[in-house]
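Reviewing the structure listed below.
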Amino acid sequence: MSSSPLERKIIREKAARKQAESLLEQKSLELYEANQQLKLVLDQLESQNLKGLKKLEFEGYISKSLILFGRSFLSRTLDDGLLLSFLERLRSSKLIDAISLYIRSDLLPSVVATHFGSIKHTDDQDICKKPRWRGSHLCMPIEVEDGLVGELQIIVEEEEFEKAFVQSQMALVIELLSGAISRQLMVTKTQQARKRAEESEKATKEFVAMINHELRTPLNGLLGSAELLADTPLNQDQQTMLTNLTHSGDLLRHIINDLLDFSKISAGMMQLFSSEFSWHDMKNMLHGIFSPQAQEKQIAFLIEERGEMPELLVGDFERIGQILTNIIGNAVKFTSIGRVEVLAQWREEALHLVITDTGCGIPQEAQALLFDPFVQADRTAKRTYEGTGLGLAICKNLVALMNGSIDFVSDVGVGSEFTIVLPLQTAVRRSNVIEAETHESRPLDTLSILVVDDIRMNQIIINQMLKKLSISPDTASNGREAIEAVESASYDLIFMDCRMPEMDGFEATSYLRGKQYTRPIVALTAGTTLEERERCIESGMDDILTKPYTANDLKAMIEKWV
């Protein structure tokens, strides 16, 4: 039985509806699956963004910490407090659960502890040699130029961060710590080197002062005895021996002076003492020294001026005289025939001096090294002339201290010419003469003088020299005896040795000045360093008489102060 058209239509519609419902169900399932996938992707993106934000936050925190403490490490000494503050700052990060630092023992004097933080360290042998992870535990070595010096350990809270990221941030921390430790090591080494240099300089100064005293003190006895012996009746042989003794003593004095001056120059202890002096005084001194020598060698010795000289010059008279006596002394020593001539001229705010001789001259091969210490033109065993080879080296250094220059030209068999330029200040004698207080002239034999010296030989020498001036002094062997003598007698002048047992001259002088003692006190010292001179003046002494001295030196000092 065939169906009607209506039934067939209904069947087709049912089939189409069922197909449509099936398609809708399929599409709905696909849409659901797509939504689920999209949700998953969105969740993953959200998780990644949050992780990225945490990474950025951690990076920013580490950067701020490095900047903050980088300044502190540059401006402060690296010590326990600063390291603890730095670790506490890092520990405050949300990522780091624990942090600890180990620094090799005895590495830095300013860092007392070796362990900082809660993570246990062992010792130098177990320092990690390279970065290593054990779960969430990271250990990183700290290395400087001297090698491994410590390690940094951290434990991180979250493990979703890549270990490479955490390690890269901690590498920046390690770099800052290594730089801070290196800088502190450099500072420490510099301080230690400076301390050693200061100790060495102090030891050198003490040695120079000690050897100065130990050499000059017996020299004072030697030359003083020779001077006193010259005033006694002597036969021809004795006079010859005395002349040899005096010559040897003078030579020894020059050698000692040269060695001590060179030691002071090498130690940076040479000082200049400026005063007003006239060229006329310098000229007279040079004539007094070299005219007899030139006359003995039968050569001419001339000192001339070109143009007008300043009325007064300002400089170190003693050191300028030392320069000239060295140069002129060599000229006289090496000239057998002819002349030695000194030409002085003032121009361009400087004293220009030209010393010319007709001596043997200086070989070309020796000229380049002439101003070097311990160098002589003739170094053979057959050399004719004595000397240490220090004189010209000292002259060059003294001229340099005065901001001057020294040069020479020389021909063998013709002679030499030395040119010295010394920039000096000038002065003018006061035109308004102030009326001086009138003093009654007192005979020397009426003066009461106390000599304080612990060495018996020095007491004998100065007593005999003063007796030549008709003065009979009292003596004391140390500062305590000097104070007792002053309390029981009145003295016009005290000659005070500086270095003595029980109480030295500095202490005794300070005590007397504290008791309002106002009479002149003159230091008797073998020391020539600036510190020794300053100490004499600071203790209250009025003047300094350097050993070895002569009877004329004593007389001049007495006339100056009494």
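Residues are named by chain letter and number: chains run A, B, ... in the order of the structure tokens, numbers start at 1 in each chain, and ligands are numbered from 1 in the order shown.
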
* Could you pull the residues within 12 Å of Asp281 in chain A, counting only C-alpha atoms, minus those fewer than 6 positions along the same chain, as a list in words? ->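 Counting only C-alpha atoms, the residues come to His287, Gly288, Glu311, Leu312, Leu313, Phe317, Glu318 and Gly321 of chain A.
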
Those residues with N, CA and C atoms, as a CSV table (one decimal), in the first residue's frame please?
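See again_34.csv below for the written result:
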```
chain,number,residue,atom,x,y,z
A,287,HIS,N,137.2,83.0,50.6
A,287,HIS,CA,138.6,83.4,50.6
A,287,HIS,C,139.3,82.8,51.8
A,288,GLY,N,138.7,82.8,52.9
A,288,GLY,CA,139.3,82.3,54.1
A,288,GLY,C,139.6,80.8,54.0
A,311,GLU,N,122.0,94.0,48.3
A,311,GLU,CA,122.5,94.3,49.6
A,311,GLU,C,122.5,93.0,50.5
A,312,LEU,N,121.3,92.4,50.4
A,312,LEU,CA,121.1,91.1,51.2
A,312,LEU,C,120.4,90.1,50.3
A,313,LEU,N,120.9,88.8,50.5
A,313,LEU,CA,120.2,87.7,49.8
A,313,LEU,C,119.5,86.9,50.9
A,317,PHE,N,122.4,79.9,53.9
A,317,PHE,CA,123.8,80.3,53.8
A,317,PHE,C,124.7,79.1,53.9
A,318,GLU,N,124.4,78.2,54.8
A,318,GLU,CA,125.2,77.0,55.0
A,318,GLU,C,125.2,76.1,53.8
A,321,GLY,N,126.9,77.7,50.8
A,321,GLY,CA,128.4,77.6,51.1
A,321,GLY,C,128.9,76.2,50.8
```

* Extract the full set of strand (DSSP E) residues from range 145-393 of chain A according to DSSP on the backbone, and format it as a count of residues only. => 41

* Which residue gives the smallest distance to Glu59 in chain A among A:Ser470, A:Thr232, A:Gln37, A:Gln169, with only C-alpha atoms counted? ->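 Between A:Ser470, A:Thr232, A:Gln37, A:Gln169, the residue approaching Glu59 in chain A most closely is A:Gln169.
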
* To do: Write out as a list in words each polymer residue whose atoms come within 8 Å of range 494-503 of chain A, counting only C-alpha atoms; drop sequence neighbours fewer than 2 positions from it.
  =>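 Here the answer would be Ile449, Leu450, Val451, Val452, Asp453, Asp454, Ser477, Asn478, Gly479, Arg480, Tyr491, Asp492, Gly505, Phe506, Glu507, Ala508, Arg519, Pro520, Ile521, Val522, Ala523, Leu524, Thr525 and Cys536 of chain A.
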
* Tell me, as a ChimeraX atom specification, which residues lie within 8 Å of Ser275 in chain A, counting only C-alpha atoms; anything in the same chain fewer than 6 positions away does not count. => /A:314-317

Include C-alpha atoms and write out the residues we just selected as an mmCIF file, in the first residue's frame.
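Dumped everything to selection-v2.cif:
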```
data_model
loop_
_atom_site.group_PDB
_atom_site.id
_atom_site.type_symbol
_atom_site.label_atom_id
_atom_site.label_comp_id
_atom_site.auth_asym_id
_atom_site.auth_seq_id
_atom_site.Cartn_x
_atom_site.Cartn_y
_atom_site.Cartn_z
ATOM 1 C CA VAL A 314 117.716 85.328 51.425
ATOM 2 C CA GLY A 315 118.610 81.636 51.364
ATOM 3 C CA ASP A 316 120.325 78.835 53.234
ATOM 4 C CA PHE A 317 123.784 80.318 53.756
#
```

* Those in range 278-496 of chain A with helix (DSSP H, G or I) from DSSP, as JSON, numbers by chain -> {"A": [279, 280, 281, 282, 283, 284, 285, 286, 287, 288, 289, 290, 291, 292, 293, 294, 295, 296, 297, 317, 318, 319, 320, 321, 322, 323, 324, 325, 326, 327, 328, 329, 330, 331, 332, 333, 364, 365, 366, 367, 391, 392, 393, 394, 395, 396, 397, 398, 399, 400, 401, 444, 445, 446, 456, 457, 458, 459, 460, 461, 462, 463, 464, 465, 466, 467, 468, 479, 480, 481, 482, 483, 484, 485, 486, 487, 488]}

* To do: Name all residues at most 9 Å from Arg319 in chain A (count only C-alpha atoms; drop same-chain ones fewer than 3 positions away) and give them as a list of chain:residue names.
  =>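 Close residues of Arg319 in chain A: A:Leu272, A:Phe273, A:Gly315, A:Asp316, A:Gln322, A:Ile323, A:Leu324, A:Cys395, A:Leu398.
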
With C-alpha atoms retained, could you export that selection as an mmCIF file, in the first residue's frame?
```cif
data_model
loop_
_atom_site.group_PDB
_atom_site.id
_atom_site.type_symbol
_atom_site.label_atom_id
_atom_site.label_comp_id
_atom_site.auth_asym_id
_atom_site.auth_seq_id
_atom_site.Cartn_x
_atom_site.Cartn_y
_atom_site.Cartn_z
ATOM 1 C CA LEU A 272 116.751 74.207 53.928
ATOM 2 C CA PHE A 273 116.982 76.962 56.562
ATOM 3 C CA GLY A 315 118.610 81.636 51.364
ATOM 4 C CA ASP A 316 120.325 78.835 53.234
ATOM 5 C CA GLN A 322 128.471 73.789 50.961
ATOM 6 C CA ILE A 323 127.729 73.809 47.218
ATOM 7 C CA LEU A 324 130.433 76.374 46.507
ATOM 8 C CA CYS A 395 125.502 69.561 45.273
ATOM 9 C CA LEU A 398 120.897 70.807 47.048
#
```

* Asked: Taking into account only C-alpha atoms, which residue in the set A:Ser448, A:Gln464, A:Asn326, A:Ser178 is nearest to Asp231 in chain A?
  ->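 Closest residue, counting only C-alpha atoms: A:Gln464.
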